[in-house]
Every structure is written in C-alpha cells, then in structure tokens.
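As stored in structure14.cif (mmCIF, C-alpha atoms and all ligand atoms):
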```cif
data_target
#
loop_
_atom_site.label_atom_id
_atom_site.label_comp_id
_atom_site.auth_asym_id
_atom_site.auth_seq_id
_atom_site.Cartn_x
_atom_site.Cartn_y
_atom_site.Cartn_z
CA MET C 258 11.41 -8.70 -19.03
CA ARG C 259 9.01 -10.59 -16.76
CA LYS C 260 5.66 -11.10 -18.46
CA PRO C 261 2.85 -10.13 -16.09
CA ILE C 262 0.51 -12.89 -14.97
CA ILE C 263 -3.02 -12.32 -13.71
CA ALA C 264 -4.83 -15.33 -12.27
CA GLY C 265 -8.42 -15.53 -11.07
CA ASN C 266 -8.82 -17.77 -8.04
CA TRP C 267 -12.53 -18.47 -7.98
CA LYS C 268 -12.24 -20.45 -4.74
CA MET C 269 -15.42 -22.41 -3.92
CA ASN C 270 -17.64 -20.33 -6.20
CA ASN C 271 -19.51 -20.94 -9.45
CA THR C 272 -21.50 -23.95 -10.57
CA VAL C 273 -20.74 -25.25 -14.06
CA ALA C 274 -23.44 -23.04 -15.57
CA GLU C 275 -22.20 -19.98 -13.71
CA ALA C 276 -18.61 -20.74 -14.67
CA ILE C 277 -19.45 -20.95 -18.37
CA ALA C 278 -21.39 -17.70 -18.19
CA LEU C 279 -18.45 -15.95 -16.50
CA VAL C 280 -15.92 -17.21 -19.08
CA GLU C 281 -18.15 -16.08 -21.92
CA ASP C 282 -18.40 -12.63 -20.33
CA ILE C 283 -14.61 -12.46 -19.90
CA LYS C 284 -14.13 -13.49 -23.55
CA ARG C 285 -16.50 -10.73 -24.66
CA GLU C 286 -14.67 -8.12 -22.58
CA TRP C 287 -11.13 -9.18 -23.49
CA SER C 288 -9.78 -10.72 -26.66
CA ASP C 289 -6.41 -8.98 -27.02
CA GLY C 290 -4.10 -11.57 -25.52
CA SER C 291 -0.86 -9.68 -25.87
CA GLY C 292 1.57 -8.81 -23.12
CA VAL C 293 0.05 -10.69 -20.20
CA ASP C 294 -0.68 -14.26 -19.16
CA VAL C 295 -4.24 -14.69 -17.92
CA VAL C 296 -5.21 -17.81 -15.99
CA LEU C 297 -8.65 -18.88 -14.74
CA CYS C 298 -8.73 -21.20 -11.73
CA PRO C 299 -12.25 -22.61 -11.28
CA PRO C 300 -13.26 -25.29 -8.78
CA PHE C 301 -12.57 -28.89 -9.91
CA THR C 302 -16.15 -29.48 -11.00
CA ALA C 303 -16.00 -26.67 -13.57
CA LEU C 304 -12.49 -27.38 -14.92
CA LYS C 305 -13.65 -29.40 -17.91
CA SER C 306 -16.27 -26.88 -19.00
CA VAL C 307 -13.93 -23.93 -18.54
CA SER C 308 -11.20 -25.84 -20.38
CA ASP C 309 -13.51 -26.29 -23.36
CA ALA C 310 -14.62 -22.65 -23.19
CA VAL C 311 -11.06 -21.23 -23.24
CA THR C 312 -9.82 -23.44 -26.08
CA GLY C 313 -8.59 -21.21 -28.89
CA THR C 314 -8.58 -18.08 -26.73
CA PRO C 315 -5.64 -16.38 -24.94
CA LEU C 316 -7.10 -17.51 -21.60
CA ASP C 317 -5.26 -20.28 -19.76
CA LEU C 318 -6.48 -22.77 -17.17
CA GLY C 319 -5.36 -23.52 -13.61
CA ALA C 320 -6.57 -25.63 -10.70
CA GLN C 321 -6.73 -24.57 -7.05
CA ASN C 322 -5.10 -27.62 -5.50
CA MET C 323 -3.99 -31.20 -6.21
CA HIS C 324 -2.49 -34.24 -4.49
CA TRP C 325 1.18 -35.11 -4.94
CA GLU C 326 0.69 -38.82 -5.64
CA ALA C 327 -0.02 -40.11 -9.14
CA SER C 328 -3.01 -42.24 -8.12
CA GLY C 329 -4.32 -44.41 -5.31
CA ALA C 330 -6.51 -44.52 -2.23
CA TYR C 331 -6.80 -40.79 -1.51
CA THR C 332 -10.52 -40.19 -1.27
CA GLY C 333 -11.54 -36.74 -2.43
CA GLU C 334 -8.22 -35.89 -4.04
CA VAL C 335 -7.17 -35.14 -7.64
CA SER C 336 -3.85 -36.06 -9.28
CA PRO C 337 -1.50 -34.00 -11.47
CA ALA C 338 -2.30 -36.19 -14.50
CA MET C 339 -6.02 -35.63 -14.02
CA LEU C 340 -5.41 -31.89 -14.27
CA ARG C 341 -3.13 -32.22 -17.28
CA GLU C 342 -5.77 -34.29 -19.04
CA LEU C 343 -8.07 -31.25 -18.89
CA PHE C 344 -5.33 -29.00 -20.32
CA CYS C 345 -4.59 -27.32 -17.01
CA HIS C 346 -1.22 -25.59 -17.18
CA TYR C 347 -1.13 -24.03 -13.71
CA VAL C 348 -2.06 -25.11 -10.20
CA ILE C 349 -2.36 -22.92 -7.11
CA LEU C 350 -0.54 -24.58 -4.20
CA GLY C 351 -0.28 -23.69 -0.52
CA HIS C 352 -2.97 -21.03 -0.53
CA SER C 353 -3.41 -19.61 2.98
CA GLU C 354 -6.94 -21.07 3.08
CA ARG C 355 -5.45 -24.55 2.45
CA ARG C 356 -2.79 -23.91 5.07
CA THR C 357 -5.30 -22.59 7.64
CA TYR C 358 -8.36 -24.83 7.13
CA PHE C 359 -6.79 -28.00 5.76
CA GLY C 360 -3.53 -28.18 7.64
CA GLU C 361 -1.16 -27.81 4.71
CA THR C 362 2.43 -27.37 5.84
CA ASP C 363 5.44 -26.20 3.87
CA GLU C 364 6.50 -29.85 3.64
CA ILE C 365 3.19 -30.85 2.04
CA VAL C 366 3.29 -27.85 -0.29
CA ASN C 367 6.84 -28.79 -1.30
CA LYS C 368 5.73 -32.33 -2.24
CA LYS C 369 2.93 -30.87 -4.32
CA VAL C 370 5.24 -28.35 -6.01
CA LYS C 371 7.64 -31.13 -7.03
CA ALA C 372 4.79 -33.33 -8.27
CA ALA C 373 3.32 -30.46 -10.28
CA LEU C 374 6.65 -29.63 -11.92
CA ALA C 375 7.24 -33.29 -12.73
CA SER C 376 3.89 -33.27 -14.57
CA ASN C 377 4.57 -30.04 -16.46
CA LEU C 378 2.15 -28.03 -14.34
CA ARG C 379 3.31 -24.59 -13.31
CA PRO C 380 2.79 -24.13 -9.58
CA ILE C 381 1.53 -20.81 -8.25
CA VAL C 382 2.99 -21.10 -4.76
CA CYS C 383 1.31 -18.93 -2.14
CA VAL C 384 3.06 -17.41 0.85
CA GLY C 385 2.11 -14.62 3.23
CA GLU C 386 2.08 -13.57 6.84
CA GLN C 387 -0.81 -13.32 9.30
CA LEU C 388 -1.68 -9.97 10.84
CA GLU C 389 -0.09 -10.90 14.16
CA ASP C 390 3.15 -11.75 12.35
CA ARG C 391 3.22 -8.33 10.71
CA ASP C 392 2.36 -6.54 13.95
CA ALA C 393 5.16 -8.41 15.71
CA GLY C 394 7.68 -7.54 13.01
CA ARG C 395 7.92 -11.15 11.86
CA THR C 396 6.78 -10.70 8.24
CA GLU C 397 10.14 -11.44 6.64
CA ALA C 398 10.91 -14.38 8.93
CA VAL C 399 7.55 -16.03 8.22
CA VAL C 400 7.64 -15.43 4.49
CA GLU C 401 11.25 -16.61 4.22
CA GLU C 402 10.41 -19.84 6.05
CA GLN C 403 7.48 -20.47 3.71
CA VAL C 404 9.49 -19.73 0.56
CA ARG C 405 12.41 -21.89 1.66
CA GLY C 406 10.19 -24.75 2.83
CA SER C 407 7.69 -24.75 -0.02
CA LEU C 408 10.30 -24.39 -2.77
CA ALA C 409 13.11 -26.52 -1.35
CA GLY C 410 15.19 -28.74 -3.60
CA LEU C 411 14.25 -27.44 -7.06
CA SER C 412 16.58 -27.62 -10.04
CA SER C 413 17.33 -24.53 -12.12
CA ARG C 414 15.10 -25.91 -14.85
CA GLU C 415 12.24 -26.31 -12.37
CA TRP C 416 12.63 -22.78 -11.01
CA THR C 417 11.83 -21.38 -14.46
CA ASP C 418 8.28 -22.75 -14.22
CA VAL C 419 7.54 -21.45 -10.72
CA VAL C 420 5.23 -18.54 -9.96
CA ILE C 421 5.15 -17.19 -6.40
CA ALA C 422 2.11 -15.39 -5.00
CA TYR C 423 2.64 -13.08 -2.04
CA GLU C 424 -0.69 -12.93 -0.24
CA PRO C 425 -0.66 -11.24 3.16
CA VAL C 426 -3.40 -13.15 4.97
CA TRP C 427 -4.81 -9.98 6.57
CA ALA C 428 -5.49 -8.56 3.11
CA ILE C 429 -7.40 -11.56 1.72
CA GLY C 430 -11.11 -10.93 1.33
CA THR C 431 -10.95 -8.10 3.84
CA GLY C 432 -10.94 -5.11 1.50
CA ARG C 433 -7.70 -4.14 3.24
CA THR C 434 -4.94 -4.11 0.62
CA ALA C 435 -1.25 -3.98 1.41
CA SER C 436 0.04 -0.57 0.44
CA PRO C 437 2.13 -0.58 -2.75
CA GLU C 438 5.21 0.05 -0.59
CA GLN C 439 4.42 -2.82 1.81
CA ALA C 440 3.83 -5.16 -1.13
CA GLN C 441 6.93 -4.01 -3.01
CA ASP C 442 9.09 -4.50 0.09
CA ALA C 443 7.79 -8.05 0.55
CA HIS C 444 8.25 -8.89 -3.14
CA ALA C 445 11.81 -7.56 -3.20
CA PHE C 446 12.53 -9.56 -0.08
CA ILE C 447 11.10 -12.76 -1.62
CA ARG C 448 13.24 -12.17 -4.70
CA SER C 449 16.32 -11.88 -2.47
CA VAL C 450 15.45 -15.22 -0.85
CA VAL C 451 15.14 -16.81 -4.30
CA ARG C 452 18.55 -15.36 -5.18
CA GLU C 453 20.02 -17.21 -2.19
CA MET C 454 18.15 -20.44 -2.97
CA ALA C 455 18.74 -20.46 -6.73
CA ASP C 456 20.81 -17.74 -8.39
CA GLU C 457 20.70 -14.11 -9.49
CA SER C 458 19.34 -14.82 -12.95
CA LEU C 459 16.52 -17.08 -11.71
CA SER C 460 15.64 -14.56 -9.01
CA GLN C 461 15.28 -11.92 -11.72
CA SER C 462 13.12 -14.12 -13.94
CA VAL C 463 10.76 -15.64 -11.34
CA ARG C 464 7.35 -14.00 -11.40
CA ILE C 465 5.87 -12.85 -8.09
CA GLN C 466 2.16 -12.04 -7.97
CA TYR C 467 0.46 -9.95 -5.32
CA GLY C 468 -2.83 -11.21 -3.89
CA GLY C 469 -5.18 -9.71 -1.32
CA SER C 470 -8.10 -7.42 -2.16
CA MET C 471 -6.63 -6.46 -5.54
CA LYS C 472 -9.26 -4.65 -7.60
CA PRO C 473 -9.35 -2.29 -10.57
CA ALA C 474 -9.01 0.76 -8.29
CA ASN C 475 -5.70 -0.34 -6.78
CA ALA C 476 -4.29 -2.70 -9.44
CA GLY C 477 -2.45 -0.06 -11.45
CA GLU C 478 -0.45 1.20 -8.51
CA LEU C 479 0.37 -2.26 -7.20
CA LEU C 480 1.32 -3.60 -10.62
CA GLY C 481 3.48 -0.52 -11.20
CA GLN C 482 5.91 -1.60 -8.46
CA ALA C 483 9.25 -2.90 -9.67
CA ASP C 484 8.96 -6.40 -8.19
CA ILE C 485 5.20 -6.98 -8.58
CA ASP C 486 4.66 -9.10 -11.69
CA GLY C 487 0.94 -9.74 -11.55
CA GLY C 488 -1.98 -10.54 -9.34
CA LEU C 489 -3.80 -13.50 -7.83
CA ILE C 490 -7.35 -12.24 -7.68
CA GLY C 491 -10.12 -13.62 -5.49
CA GLY C 492 -13.32 -11.62 -5.15
CA ALA C 493 -12.72 -9.32 -8.11
CA SER C 494 -12.19 -12.33 -10.42
CA LEU C 495 -15.83 -13.40 -9.99
CA GLU C 496 -17.07 -10.48 -12.06
CA ALA C 497 -15.92 -10.24 -15.69
CA ARG C 498 -15.63 -6.47 -15.87
CA SER C 499 -13.51 -6.05 -12.74
CA PHE C 500 -11.28 -9.02 -13.64
CA VAL C 501 -10.70 -7.74 -17.17
CA ASP C 502 -10.00 -4.22 -15.88
CA ILE C 503 -7.20 -5.70 -13.75
CA VAL C 504 -5.91 -7.64 -16.77
CA LYS C 505 -5.84 -4.42 -18.78
CA ALA C 506 -4.00 -2.65 -15.98
CA ALA C 507 -1.34 -5.37 -16.18
CA GLN C 508 -1.16 -5.00 -19.97
P1 LIG J 601 -9.34 -11.54 -2.54
O1 LIG J 601 -8.91 -10.91 -3.86
O2 LIG J 601 -10.78 -11.85 -2.48
O3 LIG J 601 -8.82 -10.75 -1.38
O4 LIG J 601 -8.59 -12.96 -2.47
C1 LIG J 601 -7.24 -13.03 -2.70
C2 LIG J 601 -6.86 -14.46 -2.80
O5 LIG J 601 -6.87 -15.17 -1.82
C3 LIG J 601 -6.48 -14.98 -4.11
O6 LIG J 601 -5.92 -16.24 -3.99
#
```
Please express the file's structure as structure tokens.
Ligand code: 13P
Amino acid sequence: MRKPIIAGNWKMNNTVAEAIALVEDIKREWSDGSGVDVVLCPPFTALKSVSDAVTGTPLDLGAQNMHWEASGAYTGEVSPAMLRELFCHYVILGHSERRTYFGETDEIVNKKVKAALASNLRPIVCVGEQLEDRDAGRTEAVVEEQVRGSLAGLSSREWTDVVIAYEPVWAIGTGRTASPEQAQDAHAFIRSVVREMADESLSQSVRIQYGGSMKPANAGELLGQADIDGGLIGGASLEARSFVDIVKAAQ
C-alpha cells in the first residue's frame, strides 16, 4: 500500500551540462513510470535545467537543502518558494553531511521541515546513527531522538507528506551497506516511533527509504524488506544505468 520512492541525491556533483546529459540518459533507460516515485535531487545550480528536462516525464524533482525563512538577509541560502518556482516537489533535509559539516541540529531540521510542508514541499528527512553509536548499542536511542526532534509538532495532514530516510552514517559512501536485517530492524523501529508521535494509520502510511551504499546488486534484497519503502541513492545515482536498475528493482 506504500508506493516505493527512489531518490537520487547527487550531492555536490554535476555541472549543468553534466546534469542534463545524466537526465537524458535516465530518460532513455526508463520511461515506464508506473508503480514507483522517482525523484532527482541535483545541486541548486542545475535545478532549473533538470526541471525543464523532466517536464512531461514520470521523473520528479527535489532539492538537497533549503532555508526555513521566506526571504531576507541569509547569504548563500535558498527559500522554499524559490524551490517551488522551479517545480521542486521534494527537499532533502537533515542529511548527515549537513548535520556533520554544517552544524544542522534536530531543531534546525524541524524548522526546515515545517517550512517545507507549509510551502507544499515534501521533506525527505534523514536520520541515522554513527558507527560508534551502533557499536555502543545506541542506534535506537540516537535514531529516536532524531526522529522525535526533526519531526516534532506536525499535524496529521502534514505527516502524510513526510518521507523519512534511514541512512546509517557508516554505510554512506563507504561501500558498506547495512544488512537487510539491520535495515529492516531500524525501519520497523522508526515506524514504531512514528506510531507514538502520530498514530497507527500514519505510521503505516509514512514511507521510509534506506540510504547508504545502495546499488543494483543489493537493492532487491533491501527493498524486499517489509518496512523498506525505497532508497535514497548517492553514488549509484550518478550513473544512469545503475540508478535505473535500482528504480526497476523497486518497481
Ligand atoms: P551513497 O549511496 O553514496 O552511500 O550515499 C547515500 C546517501 O547519502 C544518499 O543521501
């Protein structure tokens, strides 16, 4: 009953020309848009070009970050309305790289989530433990704190637009994937936290993506787990064939 969602997080990769070439390759490899939501998240500079390139296709557009204010003296930042103007429908928020390198806290992520929802942008809210948390048996405590902090104070209506991405930090860009069982356990746990924060029905409908070295070779098994509803793909989203193979695995 939950429609799978595969999103490509290009991170700080691809010039405009490279971005257009990648989208054209993806369009050539995949035109059957049924059964899965597919979202491309280029860097800000390529959003407009990718937006134009996906018009009239089943591909959707997302950004990788935004500010929570509507406008003002925030040098280097981009507002929700600026993203909407380019037909962005999703925005990744609280990615571990933003949390680690740019000091984003759950409180900041929560402000961004609320601002995104108020502007009809669907937030893809990232949570996930560091390796030392997992080794110390703190995975659930850390993830619960992030989910509760980042998603505090949402109405039932707002919950329906939320996507959560579970990305264990030790699996990002390392080639070291969480096992399907480790990922499933974390996803089921996150769903139980959502049940406590919202209600049973919203916890059953919220989509939870796995992210962290997902590639065609492991996507099928991960996506086959009961509580894994899609993937947030980094490295493998930079190559059309591997990204589309993951999309097809989700289909
Ligand atoms: P990789 O797929 O490169 O591990 O990156 C995952 C990620 O951080 C997606 O947001």
Which residue of C:Ala506, C:Val451, C:Ile465, C:Ala493 approaches Gly410 in chain C most closely, using all atoms listed in the file: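 Looking at the shortest contact to Gly410 in chain C, the residue is C:Val451.
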Within 9 Å of ligand LIG 601 (chain J) (only C-alpha atoms and all ligand atoms), residues as a ChimeraX atom specification: /C:264-268,321,349,352-354,383,422,424-434,467-472,488-494
Pairwise distance for CA of Ala476 in chain C and CA of Arg464 in chain C, rounded to one decimal in Å: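 For CA of Ala476 in chain C relative to CA of Arg464 in chain C, the distance reads 16.3 Å.
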d(CA of Pro261 in chain C, CA of Gly292 in chain C) in Å: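 Between these atoms lies a distance of 7.3 Å.
Near Ile381 in chain C, within a cut-off of 6 Å and counting all atoms listed in the file, sit the residues Val348, Ile349, Leu350, Val420 and Ile421 of chain C, with same-chain residues fewer than 4 positions away left out.
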Shortest interatomic distance to Ser407 in chain C - which of C:Arg285, C:Arg379, C:Lys368, C:Arg395, counting only C-alpha atoms: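 The closest residue to Ser407 in chain C is C:Lys368.
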Coordinates-based distance that separates CA of Ala398 in chain C from CA of Met323 in chain C (Å, one decimal):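 Computing the Euclidean distance for CA of Met323 in chain C and CA of Ala398 in chain C yields 27.1 Å.
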Given only C-alpha atoms as the counted atoms, nearest of C:Glu326, C:Asp282, C:Glu386, C:Glu402 to Lys371 in chain C: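 When distances to Lys371 in chain C are compared using only C-alpha atoms, the smallest one comes from C:Glu326.
Of the listed residues (C:Glu275, C:Glu286, C:Asp418, C:Glu457), C:Glu286 comes nearest to Phe500 in chain C; the distances count only C-alpha atoms.
With distances restricted to all atoms listed in the file, C:Asn322 is the closest residue to Phe359 in chain C from C:Ser328, C:Thr312, C:Gln466, C:Asn322.
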C:Ser308, C:Gln461, C:Gln482, C:Asn377 ranked by distance to Ala276 in chain C, top pick (using all atoms listed in the file):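 Looking only at the distances to Ala276 in chain C, the closest residue turns out to be C:Ser308.
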Could you rebuild range 442-459 of chain C with N, CA and C atoms and give it back as a PDB file, keeping the file's coordinate frame?
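Output below, filename part-v7.pdb:
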```
ATOM      1  N   ASP C 442       8.038  -4.065  -0.838  1.00  0.00           N
ATOM      2  CA  ASP C 442       9.090  -4.500   0.090  1.00  0.00           C
ATOM      3  C   ASP C 442       9.080  -6.018   0.233  1.00  0.00           C
ATOM      4  N   ALA C 443       7.881  -6.597   0.385  1.00  0.00           N
ATOM      5  CA  ALA C 443       7.790  -8.050   0.550  1.00  0.00           C
ATOM      6  C   ALA C 443       8.251  -8.768  -0.718  1.00  0.00           C
ATOM      7  N   HIS C 444       7.858  -8.238  -1.876  1.00  0.00           N
ATOM      8  CA  HIS C 444       8.250  -8.890  -3.140  1.00  0.00           C
ATOM      9  C   HIS C 444       9.767  -8.837  -3.337  1.00  0.00           C
ATOM     10  N   ALA C 445      10.346  -7.677  -3.054  1.00  0.00           N
ATOM     11  CA  ALA C 445      11.810  -7.560  -3.200  1.00  0.00           C
ATOM     12  C   ALA C 445      12.505  -8.509  -2.248  1.00  0.00           C
ATOM     13  N   PHE C 446      11.930  -8.650  -1.047  1.00  0.00           N
ATOM     14  CA  PHE C 446      12.530  -9.560  -0.080  1.00  0.00           C
ATOM     15  C   PHE C 446      12.437 -11.012  -0.569  1.00  0.00           C
ATOM     16  N   ILE C 447      11.265 -11.395  -1.097  1.00  0.00           N
ATOM     17  CA  ILE C 447      11.100 -12.760  -1.620  1.00  0.00           C
ATOM     18  C   ILE C 447      12.112 -13.005  -2.748  1.00  0.00           C
ATOM     19  N   ARG C 448      12.284 -12.010  -3.601  1.00  0.00           N
ATOM     20  CA  ARG C 448      13.240 -12.170  -4.700  1.00  0.00           C
ATOM     21  C   ARG C 448      14.666 -12.376  -4.147  1.00  0.00           C
ATOM     22  N   SER C 449      14.970 -11.699  -3.046  1.00  0.00           N
ATOM     23  CA  SER C 449      16.320 -11.880  -2.470  1.00  0.00           C
ATOM     24  C   SER C 449      16.474 -13.283  -1.881  1.00  0.00           C
ATOM     25  N   VAL C 450      15.381 -13.836  -1.359  1.00  0.00           N
ATOM     26  CA  VAL C 450      15.450 -15.220  -0.850  1.00  0.00           C
ATOM     27  C   VAL C 450      15.657 -16.185  -2.017  1.00  0.00           C
ATOM     28  N   VAL C 451      14.960 -15.942  -3.126  1.00  0.00           N
ATOM     29  CA  VAL C 451      15.140 -16.810  -4.300  1.00  0.00           C
ATOM     30  C   VAL C 451      16.575 -16.717  -4.810  1.00  0.00           C
ATOM     31  N   ARG C 452      17.154 -15.522  -4.745  1.00  0.00           N
ATOM     32  CA  ARG C 452      18.550 -15.360  -5.180  1.00  0.00           C
ATOM     33  C   ARG C 452      19.452 -16.277  -4.351  1.00  0.00           C
ATOM     34  N   GLU C 453      19.183 -16.349  -3.040  1.00  0.00           N
ATOM     35  CA  GLU C 453      20.020 -17.210  -2.190  1.00  0.00           C
ATOM     36  C   GLU C 453      19.751 -18.687  -2.450  1.00  0.00           C
ATOM     37  N   MET C 454      18.496 -19.026  -2.757  1.00  0.00           N
ATOM     38  CA  MET C 454      18.150 -20.440  -2.970  1.00  0.00           C
ATOM     39  C   MET C 454      18.569 -20.932  -4.350  1.00  0.00           C
ATOM     40  N   ALA C 455      18.449 -20.057  -5.352  1.00  0.00           N
ATOM     41  CA  ALA C 455      18.740 -20.460  -6.730  1.00  0.00           C
ATOM     42  C   ALA C 455      19.941 -19.647  -7.210  1.00  0.00           C
ATOM     43  N   ASP C 456      19.713 -18.635  -8.017  1.00  0.00           N
ATOM     44  CA  ASP C 456      20.810 -17.740  -8.390  1.00  0.00           C
ATOM     45  C   ASP C 456      20.233 -16.392  -8.831  1.00  0.00           C
ATOM     46  N   GLU C 457      21.114 -15.472  -9.154  1.00  0.00           N
ATOM     47  CA  GLU C 457      20.700 -14.110  -9.490  1.00  0.00           C
ATOM     48  C   GLU C 457      19.760 -14.103 -10.698  1.00  0.00           C
ATOM     49  N   SER C 458      20.133 -14.864 -11.726  1.00  0.00           N
ATOM     50  CA  SER C 458      19.340 -14.820 -12.950  1.00  0.00           C
ATOM     51  C   SER C 458      17.930 -15.395 -12.720  1.00  0.00           C
ATOM     52  N   LEU C 459      17.848 -16.497 -11.981  1.00  0.00           N
ATOM     53  CA  LEU C 459      16.520 -17.080 -11.710  1.00  0.00           C
ATOM     54  C   LEU C 459      15.706 -16.156 -10.800  1.00  0.00           C
TER      55      LEU C 459
END
```
